[in-house]
$ cat protein.cif   # mmCIF, C-alpha atoms and all ligand atoms
data_start
loop_
_atom_site.label_atom_id
_atom_site.label_comp_id
_atom_site.auth_asym_id
_atom_site.auth_seq_id
_atom_site.Cartn_x
_atom_site.Cartn_y
_atom_site.Cartn_z
CA MET A 1 2.81 -11.83 17.71
CA ILE A 2 -0.20 -14.00 17.07
CA THR A 3 -0.69 -17.73 16.58
CA GLU A 4 -1.85 -19.10 13.25
CA LYS A 5 -4.98 -20.52 14.87
CA LYS A 6 -6.01 -17.20 16.39
CA LEU A 7 -5.34 -15.27 13.20
CA ILE A 8 -7.33 -17.73 11.11
CA THR A 9 -10.28 -17.51 13.52
CA ARG A 10 -10.19 -13.72 13.18
CA LEU A 11 -9.90 -13.86 9.40
CA ASN A 12 -12.87 -16.21 9.15
CA GLU A 13 -15.02 -13.97 11.33
CA THR A 14 -14.09 -10.83 9.39
CA LYS A 15 -14.59 -12.57 6.07
CA LYS A 16 -18.05 -13.78 7.08
CA TYR A 17 -19.01 -10.28 8.26
CA LEU A 18 -17.92 -8.75 4.94
CA LEU A 19 -19.41 -11.40 2.67
CA ASP A 20 -22.77 -10.83 4.37
CA ILE A 21 -22.50 -7.17 3.32
CA PHE A 22 -21.14 -7.52 -0.23
CA SER A 23 -22.26 -10.60 -2.06
CA GLU A 24 -19.78 -10.39 -4.95
CA PRO A 25 -16.21 -10.83 -3.71
CA PRO A 26 -13.61 -8.36 -5.00
CA GLU A 27 -10.85 -9.34 -7.44
CA LEU A 28 -8.40 -6.54 -6.68
CA GLY A 29 -7.31 -4.75 -3.53
CA ILE A 30 -6.15 -1.14 -3.47
CA ILE A 31 -4.47 0.58 -0.54
CA LEU A 32 -4.58 4.36 -0.68
CA GLY A 33 -1.77 6.20 1.10
CA SER A 34 -1.68 9.53 2.92
CA GLY A 35 -3.68 12.17 1.06
CA LEU A 36 -4.56 9.83 -1.82
CA GLY A 37 -7.90 8.59 -0.49
CA ARG A 38 -10.25 10.38 -2.85
CA LEU A 39 -9.92 7.80 -5.59
CA ALA A 40 -12.40 5.75 -3.56
CA GLU A 41 -15.11 8.34 -4.28
CA LEU A 42 -15.20 7.18 -7.91
CA VAL A 43 -16.12 3.62 -7.05
CA GLU A 44 -19.47 2.64 -8.58
CA ARG A 45 -22.15 0.74 -6.64
CA GLN A 46 -20.07 1.40 -3.58
CA THR A 47 -20.49 -0.06 -0.16
CA ILE A 48 -18.62 1.87 2.52
CA ILE A 49 -17.70 0.19 5.76
CA PRO A 50 -15.88 2.22 8.43
CA TYR A 51 -12.97 0.26 9.89
CA LYS A 52 -14.40 0.60 13.37
CA GLU A 53 -17.38 -1.54 12.31
CA ILE A 54 -15.27 -4.36 10.89
CA PRO A 55 -14.51 -7.14 13.36
CA HIS A 56 -10.79 -7.42 14.21
CA PHE A 57 -9.84 -4.40 12.10
CA PRO A 58 -7.48 -1.96 13.80
CA VAL A 59 -8.60 1.69 13.61
CA SER A 60 -6.35 4.14 11.78
CA THR A 61 -5.31 7.26 13.69
CA VAL A 62 -3.34 9.53 11.33
CA ALA A 63 -4.80 12.79 10.01
CA GLY A 64 -5.39 12.39 6.27
CA HIS A 65 -6.46 8.76 6.67
CA SER A 66 -10.17 8.34 6.93
CA GLY A 67 -10.21 4.68 7.84
CA ARG A 68 -12.84 2.96 5.74
CA LEU A 69 -13.22 0.10 3.37
CA VAL A 70 -14.89 0.92 0.05
CA VAL A 71 -16.07 -1.99 -2.06
CA GLY A 72 -17.56 -1.76 -5.55
CA THR A 73 -16.54 -1.40 -9.19
CA LEU A 74 -13.81 0.84 -10.58
CA ALA A 75 -12.78 0.78 -14.27
CA SER A 76 -14.90 -2.40 -14.64
CA LYS A 77 -12.91 -4.19 -11.91
CA ARG A 78 -14.41 -5.36 -8.64
CA VAL A 79 -12.24 -3.67 -6.06
CA MET A 80 -11.88 -3.40 -2.31
CA ILE A 81 -10.22 -0.14 -1.41
CA LEU A 82 -8.58 0.57 1.91
CA GLN A 83 -8.95 4.28 2.42
CA GLY A 84 -6.26 4.64 5.06
CA ARG A 85 -3.74 2.06 6.18
CA PHE A 86 -2.28 0.94 9.48
CA HIS A 87 1.26 2.15 10.00
CA TYR A 88 3.88 0.41 12.08
CA TYR A 89 4.87 3.80 13.56
CA GLU A 90 1.39 4.20 15.01
CA GLY A 91 2.25 1.33 17.34
CA TYR A 92 0.37 -1.48 15.58
CA GLU A 93 1.87 -4.92 15.55
CA MET A 94 2.94 -6.21 12.14
CA HIS A 95 0.06 -8.72 12.11
CA GLU A 96 -2.32 -5.76 12.52
CA VAL A 97 -0.59 -3.69 9.81
CA THR A 98 -0.98 -6.59 7.39
CA PHE A 99 -4.34 -7.97 8.52
CA PRO A 100 -6.12 -6.39 5.50
CA ILE A 101 -3.80 -8.28 3.14
CA ARG A 102 -4.44 -11.61 4.86
CA LEU A 103 -8.13 -10.75 4.63
CA MET A 104 -7.80 -10.08 0.89
CA LYS A 105 -6.26 -13.52 0.50
CA ALA A 106 -9.08 -15.06 2.52
CA LEU A 107 -11.50 -13.33 0.10
CA ASP A 108 -9.56 -14.77 -2.86
CA VAL A 109 -8.29 -11.38 -4.10
CA LYS A 110 -5.67 -11.96 -6.82
CA GLY A 111 -3.90 -8.63 -7.06
CA LEU A 112 -3.03 -5.58 -5.00
CA ILE A 113 -2.21 -1.98 -5.87
CA VAL A 114 -0.34 -0.27 -3.05
CA THR A 115 0.10 3.48 -3.06
CA ASN A 116 1.98 5.79 -0.75
CA ALA A 117 3.44 9.22 -0.23
CA ALA A 118 7.22 9.05 -0.34
CA GLY A 119 10.29 11.23 -0.08
CA GLY A 120 12.33 11.46 -3.29
CA ILE A 121 15.98 10.43 -3.00
CA ASN A 122 16.78 10.04 -6.70
CA PRO A 123 17.55 13.57 -7.96
CA ASP A 124 15.67 12.83 -11.21
CA PHE A 125 12.44 12.90 -9.21
CA ALA A 126 10.52 16.01 -8.21
CA PRO A 127 7.68 16.62 -5.76
CA GLY A 128 4.41 15.70 -7.46
CA ASP A 129 5.93 12.88 -9.55
CA LEU A 130 4.39 9.42 -9.64
CA VAL A 131 7.00 6.66 -9.47
CA LEU A 132 6.40 2.93 -9.84
CA ILE A 133 8.06 0.75 -7.23
CA LYS A 134 10.27 -1.89 -8.84
CA ASP A 135 11.81 -3.28 -5.65
CA HIS A 136 12.23 -2.43 -2.00
CA LEU A 137 14.62 -2.31 0.93
CA ASN A 138 13.05 -3.41 4.18
CA LEU A 139 14.76 -1.25 6.82
CA MET A 140 11.89 -1.27 9.30
CA GLY A 141 13.76 -3.48 11.71
CA ASN A 142 10.97 -6.04 11.61
CA ASN A 143 9.33 -8.46 9.21
CA PRO A 144 5.59 -9.16 9.19
CA LEU A 145 6.24 -12.88 8.69
CA ARG A 146 8.17 -13.19 11.97
CA GLY A 147 6.44 -15.62 14.34
CA SER A 148 4.09 -18.48 13.50
CA ASN A 149 3.89 -19.08 9.79
CA ILE A 150 0.35 -18.63 8.51
CA SER A 151 0.82 -21.86 6.64
CA ILE A 152 -2.61 -21.99 4.99
CA GLN A 153 -1.67 -18.80 3.16
CA GLY A 154 1.96 -19.42 2.22
CA PRO A 155 5.39 -20.91 2.92
CA ARG A 156 7.77 -20.21 5.82
CA PHE A 157 10.46 -18.75 3.53
CA PRO A 158 8.74 -16.99 0.64
CA ASP A 159 10.65 -15.82 -2.42
CA LEU A 160 10.78 -12.04 -2.93
CA SER A 161 12.84 -11.97 -6.09
CA GLU A 162 9.93 -10.37 -7.96
CA ALA A 163 8.02 -8.72 -5.14
CA TYR A 164 6.49 -6.26 -7.63
CA ASP A 165 5.05 -8.08 -10.63
CA SER A 166 7.21 -7.29 -13.66
CA LYS A 167 4.37 -7.61 -16.19
CA TRP A 168 2.18 -5.24 -14.20
CA LEU A 169 5.11 -2.86 -13.85
CA GLU A 170 5.62 -2.81 -17.63
CA LYS A 171 1.92 -2.20 -18.23
CA ALA A 172 1.85 0.58 -15.64
CA LEU A 173 4.93 2.21 -17.21
CA GLY A 174 3.14 2.04 -20.56
CA VAL A 175 0.19 3.96 -19.11
CA MET A 176 2.56 6.66 -17.82
CA LYS A 177 3.90 7.11 -21.35
CA GLU A 178 0.41 7.15 -22.86
CA LEU A 179 -0.66 9.88 -20.47
CA GLY A 180 2.47 11.94 -21.10
CA LEU A 181 3.73 11.44 -17.55
CA LYS A 182 7.41 10.84 -16.84
CA ALA A 183 7.74 7.02 -16.93
CA GLN A 184 9.67 6.50 -13.71
CA GLN A 185 10.42 3.55 -11.48
CA GLY A 186 12.55 3.13 -8.39
CA VAL A 187 13.54 1.24 -5.29
CA TYR A 188 11.51 2.12 -2.19
CA ALA A 189 13.25 2.03 1.18
CA ALA A 190 10.89 1.48 4.10
CA VAL A 191 11.89 2.89 7.47
CA SER A 192 9.87 2.66 10.66
CA GLY A 193 9.42 6.42 11.26
CA PRO A 194 7.72 8.46 12.56
CA SER A 195 10.59 10.94 12.51
CA TYR A 196 11.71 11.89 9.03
CA GLU A 197 15.25 10.86 8.15
CA THR A 198 18.42 12.83 8.78
CA PRO A 199 20.47 14.01 5.76
CA ALA A 200 23.12 11.42 6.72
CA GLU A 201 20.50 8.66 6.64
CA ILE A 202 19.36 9.81 3.21
CA ARG A 203 22.95 9.78 1.91
CA PHE A 204 23.23 6.22 3.26
CA LEU A 205 19.94 5.19 1.60
CA ARG A 206 21.12 6.61 -1.70
CA ILE A 207 24.38 4.66 -1.51
CA ILE A 208 22.57 1.39 -0.82
CA GLY A 209 20.30 1.86 -3.81
CA ALA A 210 17.15 3.62 -2.66
CA ASP A 211 15.29 6.05 -4.93
CA LEU A 212 12.38 6.67 -2.57
CA VAL A 213 11.85 6.56 1.18
CA GLY A 214 8.71 6.06 3.21
CA MET A 215 7.19 4.56 6.33
CA SER A 216 4.73 2.05 4.91
CA THR A 217 3.95 -0.38 2.10
CA VAL A 218 6.73 -2.94 2.56
CA PRO A 219 4.97 -4.97 5.29
CA GLU A 220 1.87 -5.24 3.11
CA VAL A 221 3.95 -6.18 0.06
CA ILE A 222 5.84 -8.88 1.95
CA VAL A 223 2.58 -10.42 3.16
CA ALA A 224 0.98 -10.15 -0.29
CA ASN A 225 3.95 -12.06 -1.70
CA HIS A 226 3.66 -14.64 1.07
CA CYS A 227 0.03 -15.16 0.06
CA GLY A 228 0.70 -15.24 -3.68
CA ILE A 229 -1.09 -11.93 -4.37
CA LYS A 230 0.44 -9.95 -7.26
CA VAL A 231 1.58 -6.42 -6.43
CA LEU A 232 1.82 -3.10 -8.23
CA GLY A 233 3.33 -0.27 -6.16
CA ILE A 234 2.87 3.43 -6.87
CA SER A 235 4.62 6.18 -4.92
CA CYS A 236 3.68 9.80 -5.06
CA VAL A 237 6.81 11.85 -4.40
CA THR A 238 5.53 14.44 -1.95
CA ASN A 239 8.86 16.04 -1.06
CA MET A 240 12.54 15.63 -1.71
CA ALA A 241 14.06 13.63 1.14
CA ALA A 242 16.02 15.31 3.93
CA GLY A 243 19.21 17.07 2.87
CA ILE A 244 18.55 16.79 -0.89
CA LEU A 245 17.28 20.39 -0.93
CA PRO A 246 17.91 23.11 1.68
CA GLN A 247 14.46 22.76 3.30
CA LYS A 248 12.66 21.34 6.29
CA LEU A 249 10.19 18.47 6.00
CA SER A 250 6.64 18.52 7.30
CA HIS A 251 3.53 16.38 7.12
CA ALA A 252 1.67 19.52 5.96
CA GLU A 253 3.95 19.67 2.88
CA VAL A 254 3.33 15.98 2.20
CA ILE A 255 -0.44 16.47 2.27
CA ALA A 256 -0.25 19.71 0.22
CA THR A 257 1.60 17.85 -2.56
CA THR A 258 -0.86 14.94 -2.60
CA GLU A 259 -3.66 17.49 -2.95
CA LYS A 260 -1.91 19.02 -5.97
CA VAL A 261 -1.40 15.67 -7.73
CA GLU A 262 -4.75 14.21 -6.72
CA LYS A 263 -6.37 14.54 -10.17
CA VAL A 264 -3.36 13.12 -12.03
CA PHE A 265 -3.07 10.28 -9.52
CA ILE A 266 -6.76 9.37 -9.71
CA ASN A 267 -6.77 9.45 -13.50
CA TYR A 268 -3.57 7.39 -13.64
CA VAL A 269 -4.79 4.63 -11.32
CA GLN A 270 -8.06 4.36 -13.21
CA LYS A 271 -6.20 3.98 -16.51
CA VAL A 272 -3.88 1.41 -14.96
CA LEU A 273 -6.87 -0.59 -13.72
CA GLU A 274 -8.12 -0.76 -17.29
CA VAL A 275 -4.94 -2.51 -18.50
CA LEU A 276 -4.28 -4.89 -15.57
N1 LIG B 301 10.51 10.28 4.47
C1 LIG B 301 9.79 9.26 4.96
N2 LIG B 301 8.50 9.10 4.68
C2 LIG B 301 7.91 10.01 3.88
C3 LIG B 301 8.62 11.09 3.35
C4 LIG B 301 10.00 11.24 3.67
O1 LIG B 301 10.68 12.18 3.23
N3 LIG B 301 7.73 11.81 2.59
C5 LIG B 301 6.55 11.15 2.68
N4 LIG B 301 6.63 10.07 3.46
#

$ encode --input "protein.cif" --output "structure tokens" --more "lines below"
Ligand code: HPA
Amino acid sequence: MITEKKLITRLNETKKYLLDIFSEPPELGIILGSGLGRLAELVERQTIIPYKEIPHFPVSTVAGHSGRLVVGTLASKRVMILQGRFHYYEGYEMHEVTFPIRLMKALDVKGLIVTNAAGGINPDFAPGDLVLIKDHLNLMGNNPLRGSNISIQGPRFPDLSEAYDSKWLEKALGVMKELGLKAQQGVYAAVSGPSYETPAEIRFLRIIGADLVGMSTVPEVIVANHCGIKVLGISCVTNMAAGILPQKLSHAEVIATTEKVEKVFINYVQKVLEVL
């Protein structure tokens, strides 16, 4: 845990470092999940800053996450893209996992697009599908707001009754229809990982209302809501969750699916950016 004072000192130092590099502050943040990082290559007038050069930024360790901040313009929007996120299962504290979101708030970012690779629980989904997140179940056994409230950014007990902005969700569904994609939405259950779930756990998740399962996103979304940053969540179904099909799960399969959907995903997010 970290005190408010210490976190604010860190945020101010990181903000100053970044604003010296990019003069125009971004309006939107984008977090790219496992295997989905190549969208950042399309950013115009891009400034790339490796995480290891950013003061107080943790360094991401997972294969498939390159760990850099890309700032510039995408679909006429000024964006800051996190190419690689910090996962709780890597051993980071929740304040480290969500530091980029607090930083976005400090930079006056108004909206956030979170993306991830997820296991499909809803049998209507198939590997390769994009699914919009309409709500979540936080089953990580922790909450990023535990500890000192960062009171300059938000209240002690923030409302999460519309954690994913309903207007953005409608617009993003509209873009799926326009592009001839299956217009799908679902509830994302976040678990801590890093082991994949057992079939019994997946049956349990299905009963309690989950359509998707993954090991990320929810901490960032909770903090974004605390700060008053609007959220759109996009999952890429990389595999059917454990026990849904007679198969074993592997990270290699997850990455192979993201590679297959890369073009569709990149095109979709660009089109979504145009309507937000
Ligand atoms: N479970 C948890 N996280 C995941 C999965 C899964 O099946 N696929 C991709 N991330």

$ axis_aligned_box --input "protein.cif" --around "ligand LIG 301 (chain B)" --padding-each-side "4 Å" --output "JSON"
{"center_x": 8.6, "center_y": 10.6, "center_z": 3.8, "size_x": 12.1, "size_y": 11.1, "size_z": 10.4}

$ residues_near_ligand --input "protein.cif" --ligand "ligand LIG 301 (chain B)" --cutoff "9 Å" --atoms "all atoms listed in the file" --output "PDB file with C-alpha atoms, in the frame of the given file"
ATOM      1  CA  SER A  34      -1.680   9.530   2.920  1.00  0.00           C
ATOM      2  CA  ASN A 116       1.980   5.790  -0.750  1.00  0.00           C
ATOM      3  CA  ALA A 117       3.440   9.220  -0.230  1.00  0.00           C
ATOM      4  CA  ALA A 118       7.220   9.050  -0.340  1.00  0.00           C
ATOM      5  CA  GLY A 119      10.290  11.230  -0.080  1.00  0.00           C
ATOM      6  CA  GLY A 120      12.330  11.460  -3.290  1.00  0.00           C
ATOM      7  CA  ILE A 121      15.980  10.430  -3.000  1.00  0.00           C
ATOM      8  CA  ALA A 189      13.250   2.030   1.180  1.00  0.00           C
ATOM      9  CA  ALA A 190      10.890   1.480   4.100  1.00  0.00           C
ATOM     10  CA  VAL A 191      11.890   2.890   7.470  1.00  0.00           C
ATOM     11  CA  SER A 192       9.870   2.660  10.660  1.00  0.00           C
ATOM     12  CA  GLY A 193       9.420   6.420  11.260  1.00  0.00           C
ATOM     13  CA  PRO A 194       7.720   8.460  12.560  1.00  0.00           C
ATOM     14  CA  SER A 195      10.590  10.940  12.510  1.00  0.00           C
ATOM     15  CA  TYR A 196      11.710  11.890   9.030  1.00  0.00           C
ATOM     16  CA  GLU A 197      15.250  10.860   8.150  1.00  0.00           C
ATOM     17  CA  ILE A 202      19.360   9.810   3.210  1.00  0.00           C
ATOM     18  CA  LEU A 212      12.380   6.670  -2.570  1.00  0.00           C
ATOM     19  CA  VAL A 213      11.850   6.560   1.180  1.00  0.00           C
ATOM     20  CA  GLY A 214       8.710   6.060   3.210  1.00  0.00           C
ATOM     21  CA  MET A 215       7.190   4.560   6.330  1.00  0.00           C
ATOM     22  CA  SER A 216       4.730   2.050   4.910  1.00  0.00           C
ATOM     23  CA  CYS A 236       3.680   9.800  -5.060  1.00  0.00           C
ATOM     24  CA  VAL A 237       6.810  11.850  -4.400  1.00  0.00           C
ATOM     25  CA  THR A 238       5.530  14.440  -1.950  1.00  0.00           C
ATOM     26  CA  ASN A 239       8.860  16.040  -1.060  1.00  0.00           C
ATOM     27  CA  MET A 240      12.540  15.630  -1.710  1.00  0.00           C
ATOM     28  CA  ALA A 241      14.060  13.630   1.140  1.00  0.00           C
ATOM     29  CA  ALA A 242      16.020  15.310   3.930  1.00  0.00           C
ATOM     30  CA  LEU A 249      10.190  18.470   6.000  1.00  0.00           C
ATOM     31  CA  SER A 250       6.640  18.520   7.300  1.00  0.00           C
ATOM     32  CA  HIS A 251       3.530  16.380   7.120  1.00  0.00           C
ATOM     33  CA  GLU A 253       3.950  19.670   2.880  1.00  0.00           C
ATOM     34  CA  VAL A 254       3.330  15.980   2.200  1.00  0.00           C
ATOM     35  CA  ILE A 255      -0.440  16.470   2.270  1.00  0.00           C
TER      36      ILE A 255
END

$ residues_near_point --input "protein.cif" --point "(-14.4, 1.0, 4.0)" --cutoff "10 Å" --atoms "all atoms listed in the file" --output "number ranges by chain"
A: 40, 46-54, 66-71, 80-84

$ closest_residue --input "protein.cif" --among "A:Leu130, A:Ala200, A:Ala172, A:Ile244" --to "Val231 (chain A)" --atoms "only C-alpha atoms"
A:Ala172

$ residues_around --input "protein.cif" --residues "Pro158 (chain A)" --least-positions-apart "3" --cutoff "9 Å" --atoms "only C-alpha atoms" --output "compact mmCIF listing (two decimals) with C-alpha atoms, in the frame of the given file"
# COMPACT_ATOMS: atom_id res chain seq x y z
CA GLY A 154 1.96 -19.42 2.22
CA PRO A 155 5.39 -20.91 2.92
CA ILE A 222 5.84 -8.88 1.95
CA ASN A 225 3.95 -12.06 -1.70
CA HIS A 226 3.66 -14.64 1.07
CA CYS A 227 0.03 -15.16 0.06

$ residues_near_point --input "protein.cif" --point "(-14.7, -13.4, -5.9)" --cutoff "8 Å" --atoms "all atoms listed in the file" --output "PDB file with C-alpha atoms, keeping the file's coordinate frame"
ATOM      1  CA  GLU A  24     -19.780 -10.390  -4.950  1.00  0.00           C
ATOM      2  CA  PRO A  25     -16.210 -10.830  -3.710  1.00  0.00           C
ATOM      3  CA  PRO A  26     -13.610  -8.360  -5.000  1.00  0.00           C
ATOM      4  CA  GLU A  27     -10.850  -9.340  -7.440  1.00  0.00           C
ATOM      5  CA  LEU A 107     -11.500 -13.330   0.100  1.00  0.00           C
ATOM      6  CA  ASP A 108      -9.560 -14.770  -2.860  1.00  0.00           C
ATOM      7  CA  VAL A 109      -8.290 -11.380  -4.100  1.00  0.00           C
TER       8      VAL A 109
END

$ atom_distance --input "protein.cif" --atom1 "CA of Gly72 (chain A)" --atom2 "CA of Gly111 (chain A)"
15.4 Å

$ atom_distance --input "protein.cif" --atom1 "CA of Val269 (chain A)" --atom2 "CA of Arg85 (chain A)"
17.7 Å

$ residues_around --input "protein.cif" --residues "region 86-99 of chain A" --least-positions-apart "5" --cutoff "8 Å" --atoms "all atoms listed in the file" --output "number ranges by chain"
A: 1-2, 57-61, 143-144, 192-194, 215-216, 219-220, 223

$ atom_distance --input "protein.cif" --atom1 "CA of Thr217 (chain A)" --atom2 "CA of Asp20 (chain A)"
28.8 Å

$ residues_around --input "protein.cif" --residues "Ile234 (chain A)" --least-positions-apart "4" --cutoff "6 Å" --atoms "only C-alpha atoms" --output "PyMOL selection string"
chain A and resi 115+131-133

$ closest_residue --input "protein.cif" --among "A:Lys105, A:Arg38, A:Lys77, A:Lys15" --to "Glu274 (chain A)" --atoms "all atoms listed in the file"
A:Lys77
